[in-house]
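> This is the structure I have questions about; it appears just below.
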Amino acid sequence: MTAPTAAHDRVALVTGAAMGIGEAIAEALAADGLTVIVSDINGAAAAATAARLCDAGFQAESLAMDVGSPDSIAAAFAEVARRHARCDVVVNNAGIAKTFPFVDFPLDNWLATMNINVTGTMLCSQHAARLMLRHGWGRIINIASVAGLRAVGSGRTAYGTSKAAIAGLTRQIAAELSEHGITANAIAPGPVDTPLTKVLHSAAFRTAYTNAIPMKRYGLPAEIAAIAAFLASDKADYISGATIPVDGGFMASGARGA
């Protein structure tokens with residue numbers, strides 16, 4: 001079987017796509033002509049997002065999946081194979097984050113964060129890659145974070161470590177699959193205005209973070225989605241194994257001020 005030659009022949013699955021960055025990525029891919037599977041642990045919310053995309057004239061459908069459950073992941077990708085016999089693009093966006101002081105960091109949250117953010121990403125990539133290998137073409141896009149490239153604030157022991165692991169996982173996938181026409185890349189957003197950051201970031205932390213960003217603002221979900229859409233396209237054919245910060249210059253900046 002041959003690789004799909006046009007975007008409208010391709011199927012993309014986005015995890016955690018009911019809202020926030022995932023929803024923006026699903027919309028960007030749909031706007032590029034892909035059939036987008038909006039996946040989320042909240043099946044009703046995923047269905048609502050897919051319906052909104054369909055109402056806008058795009059090709060979209062929903063699929064309930066818990067990336068913290070290997071059985072749920074396996075069942076979801078079996079359903080993708082049944083519906084489409086292919087998965088050309090997977091965007092591993094689903095994740096969790098809670099903050100606790102390092103010396104008091106609870107083991108149960110550490111394990112849950114690693115299970116969802118890292119193991120879930122690995123398993124979704126693995127299942128998607130098996131379908132991609134059938135056609136000799138694919139795009140695996142993982143959502144990391146600048147918190148995985150440098151320590152950001154306090155309390156992010158599990159989250160930051162999980163996002164660092166995603167960057168390493170992305171390189172390993174790229175090393176093994178690029179020769180088969182499958183690229184793997186990660187996006188490392190800086191702070192983005194989403195429902196999660198509105199809960200997780202206190203007013204004081206938001207001010208401190210904004211001041212550390214040369215552009216002096218949080219990003220928008222659409223700005224992350226634009227990079228995901230590029231990495232999913234033919235224009236990114238020769239990019240694999242990269243982790244790309246999208247952070248308003250945060251990673252490039254050191255001490256601020258005159």
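Quick note on naming: the chains in the structure tokens go A, B, ... in the order shown, residues restart at 1 in each chain, and ligands are numbered from 1 in order of appearance.
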Show which residues sit within 10 Å of A:Gly57, as a PyMOL selection string. Count only C-alpha atoms, and ignore same-chain residues fewer than 4 positions away.
chain A and resi 30-31+51-53
> Restrict the selected residues to N, CA, C and O atoms and save them as a PDB file, in the first residue's frame.

ATOM      1  N   ALA A  30      -8.013  19.770  10.678  1.00  0.00           N
ATOM      2  CA  ALA A  30      -9.246  19.656   9.905  1.00  0.00           C
ATOM      3  C   ALA A  30      -9.290  20.725   8.819  1.00  0.00           C
ATOM      4  O   ALA A  30      -9.715  20.467   7.683  1.00  0.00           O
ATOM      5  N   ALA A  31      -8.835  21.932   9.156  1.00  0.00           N
ATOM      6  CA  ALA A  31      -8.822  23.018   8.178  1.00  0.00           C
ATOM      7  C   ALA A  31      -7.865  22.721   7.035  1.00  0.00           C
ATOM      8  O   ALA A  31      -8.051  23.220   5.915  1.00  0.00           O
ATOM      9  N   ALA A  51     -18.579  17.720  16.601  1.00  0.00           N
ATOM     10  CA  ALA A  51     -19.789  18.267  15.983  1.00  0.00           C
ATOM     11  C   ALA A  51     -19.576  19.708  15.550  1.00  0.00           C
ATOM     12  O   ALA A  51     -20.036  20.130  14.471  1.00  0.00           O
ATOM     13  N   ARG A  52     -18.869  20.485  16.377  1.00  0.00           N
ATOM     14  CA  ARG A  52     -18.591  21.874  16.011  1.00  0.00           C
ATOM     15  C   ARG A  52     -17.741  21.947  14.749  1.00  0.00           C
ATOM     16  O   ARG A  52     -17.989  22.779  13.866  1.00  0.00           O
ATOM     17  N   LEU A  53     -16.761  21.070  14.648  1.00  0.00           N
ATOM     18  CA  LEU A  53     -15.915  21.052  13.456  1.00  0.00           C
ATOM     19  C   LEU A  53     -16.712  20.640  12.218  1.00  0.00           C
ATOM     20  O   LEU A  53     -16.539  21.211  11.132  1.00  0.00           O
TER      21      LEU A  53
END
> Can you pull out the residues contacting stretch 81-98 of chain A? Cut-off 7 Å, using only C-alpha atoms, and skip same-chain residues under 6 positions away; I want them as a list in words.
Arg10, Val11, Ala12, Leu13, Val14, Thr15, Gly16, Gly22, Thr113, Ile116, Asn117, Thr121, Ala128, Leu131, Met132, Trp137, Gly138, Arg139, Ile140, Ile141, Asn142, Ile143, Tyr159 and Ala232 of chain A
> Could you write out the selected residues, including N, CA, C and O atoms, as an mmCIF file, in the first residue's frame?

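Okay, out_35.cif is ready:
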data_model
loop_
_atom_site.group_PDB
_atom_site.id
_atom_site.type_symbol
_atom_site.label_atom_id
_atom_site.label_comp_id
_atom_site.auth_asym_id
_atom_site.auth_seq_id
_atom_site.Cartn_x
_atom_site.Cartn_y
_atom_site.Cartn_z
ATOM 1 N N ARG A 10 -5.905 11.696 4.350
ATOM 2 C CA ARG A 10 -5.238 11.349 5.591
ATOM 3 C C ARG A 10 -6.178 11.412 6.794
ATOM 4 O O ARG A 10 -7.114 12.201 6.831
ATOM 5 N N VAL A 11 -5.857 10.579 7.776
ATOM 6 C CA VAL A 11 -6.625 10.513 9.017
ATOM 7 C C VAL A 11 -5.699 10.889 10.168
ATOM 8 O O VAL A 11 -4.590 10.354 10.281
ATOM 9 N N ALA A 12 -6.149 11.802 11.006
ATOM 10 C CA ALA A 12 -5.369 12.240 12.161
ATOM 11 C C ALA A 12 -6.147 11.998 13.435
ATOM 12 O O ALA A 12 -7.353 12.260 13.499
ATOM 13 N N LEU A 13 -5.472 11.503 14.446
ATOM 14 C CA LEU A 13 -6.062 11.349 15.771
ATOM 15 C C LEU A 13 -5.341 12.271 16.732
ATOM 16 O O LEU A 13 -4.102 12.275 16.796
ATOM 17 N N VAL A 14 -6.105 13.063 17.478
ATOM 18 C CA VAL A 14 -5.543 13.989 18.457
ATOM 19 C C VAL A 14 -6.087 13.619 19.830
ATOM 20 O O VAL A 14 -7.308 13.562 20.024
ATOM 21 N N THR A 15 -5.198 13.352 20.780
ATOM 22 C CA THR A 15 -5.652 13.015 22.130
ATOM 23 C C THR A 15 -5.849 14.294 22.953
ATOM 24 O O THR A 15 -5.231 15.325 22.687
ATOM 25 N N GLY A 16 -6.715 14.206 23.948
ATOM 26 C CA GLY A 16 -6.999 15.372 24.771
ATOM 27 C C GLY A 16 -7.501 16.540 23.944
ATOM 28 O O GLY A 16 -7.163 17.695 24.194
ATOM 29 N N GLY A 22 -5.359 20.884 22.434
ATOM 30 C CA GLY A 22 -5.789 19.756 21.616
ATOM 31 C C GLY A 22 -6.910 20.127 20.660
ATOM 32 O O GLY A 22 -6.917 19.726 19.490
ATOM 33 N N THR A 113 1.060 10.676 36.769
ATOM 34 C CA THR A 113 1.580 11.595 35.757
ATOM 35 C C THR A 113 2.445 10.855 34.749
ATOM 36 O O THR A 113 2.329 11.068 33.529
ATOM 37 N N ILE A 116 0.150 8.595 32.445
ATOM 38 C CA ILE A 116 -0.631 9.294 31.426
ATOM 39 C C ILE A 116 0.273 10.037 30.446
ATOM 40 O O ILE A 116 0.145 9.883 29.220
ATOM 41 N N ASN A 117 1.204 10.829 30.967
ATOM 42 C CA ASN A 117 1.994 11.691 30.100
ATOM 43 C C ASN A 117 3.040 10.945 29.282
ATOM 44 O O ASN A 117 3.304 11.321 28.134
ATOM 45 N N THR A 121 1.623 8.318 25.982
ATOM 46 C CA THR A 121 2.203 8.814 24.727
ATOM 47 C C THR A 121 2.916 7.693 23.984
ATOM 48 O O THR A 121 2.799 7.563 22.756
ATOM 49 N N ALA A 128 -0.327 3.798 16.720
ATOM 50 C CA ALA A 128 -0.425 4.579 15.485
ATOM 51 C C ALA A 128 0.648 4.152 14.492
ATOM 52 O O ALA A 128 0.371 4.016 13.288
ATOM 53 N N LEU A 131 -0.128 1.216 12.289
ATOM 54 C CA LEU A 131 -0.992 1.541 11.156
ATOM 55 C C LEU A 131 -0.234 2.337 10.104
ATOM 56 O O LEU A 131 -0.460 2.162 8.901
ATOM 57 N N MET A 132 0.671 3.209 10.525
ATOM 58 C CA MET A 132 1.459 4.000 9.581
ATOM 59 C C MET A 132 2.380 3.127 8.739
ATOM 60 O O MET A 132 2.603 3.387 7.551
ATOM 61 N N TRP A 137 4.162 5.886 5.570
ATOM 62 C CA TRP A 137 4.104 7.348 5.786
ATOM 63 C C TRP A 137 3.394 7.608 7.101
ATOM 64 O O TRP A 137 2.413 6.944 7.422
ATOM 65 N N GLY A 138 3.898 8.584 7.851
ATOM 66 C CA GLY A 138 3.212 8.927 9.093
ATOM 67 C C GLY A 138 3.866 10.088 9.799
ATOM 68 O O GLY A 138 5.027 10.432 9.548
ATOM 69 N N ARG A 139 3.088 10.688 10.698
ATOM 70 C CA ARG A 139 3.561 11.802 11.507
ATOM 71 C C ARG A 139 3.160 11.551 12.963
ATOM 72 O O ARG A 139 1.968 11.445 13.273
ATOM 73 N N ILE A 140 4.154 11.465 13.838
ATOM 74 C CA ILE A 140 3.923 11.362 15.271
ATOM 75 C C ILE A 140 4.358 12.685 15.888
ATOM 76 O O ILE A 140 5.520 13.090 15.745
ATOM 77 N N ILE A 141 3.417 13.363 16.527
ATOM 78 C CA ILE A 141 3.681 14.685 17.095
ATOM 79 C C ILE A 141 3.333 14.635 18.578
ATOM 80 O O ILE A 141 2.184 14.371 18.946
ATOM 81 N N ASN A 142 4.326 14.867 19.406
ATOM 82 C CA ASN A 142 4.141 14.791 20.850
ATOM 83 C C ASN A 142 4.195 16.187 21.462
ATOM 84 O O ASN A 142 5.038 17.007 21.078
ATOM 85 N N ILE A 143 3.306 16.455 22.397
ATOM 86 C CA ILE A 143 3.313 17.746 23.070
ATOM 87 C C ILE A 143 4.126 17.621 24.355
ATOM 88 O O ILE A 143 3.715 16.975 25.313
ATOM 89 N N TYR A 159 5.546 16.610 36.467
ATOM 90 C CA TYR A 159 5.205 17.183 35.161
ATOM 91 C C TYR A 159 6.459 17.480 34.337
ATOM 92 O O TYR A 159 6.571 17.054 33.178
ATOM 93 N N ALA A 232 2.726 18.113 10.619
ATOM 94 C CA ALA A 232 1.893 17.065 10.029
ATOM 95 C C ALA A 232 1.877 17.118 8.508
ATOM 96 O O ALA A 232 1.362 16.198 7.868
#
> As a ChimeraX atom specification, please: all residues of stretch 2-237 of chain A that backbone DSSP puts in strand (DSSP E).
/A:11-14,35-40,60-64,89-92,138-143,182-189
> Quick one: pick out all helix (DSSP H, G or I) residues within stretch 99-236 of chain A from a backbone DSSP run and write them as a PyMOL selection string.
chain A and resi 102-104+107-133+146-148+157-180+195-200+203-211+221-231+234-236
> Find the residues near A:Ala64: any atom within 12 Å, counting only C-alpha atoms, skip ones fewer than 3 places away on the same chain, and give them as a ChimeraX atom specification.
/A:13-18,37-48,50,61,67,69,72-77,79-80
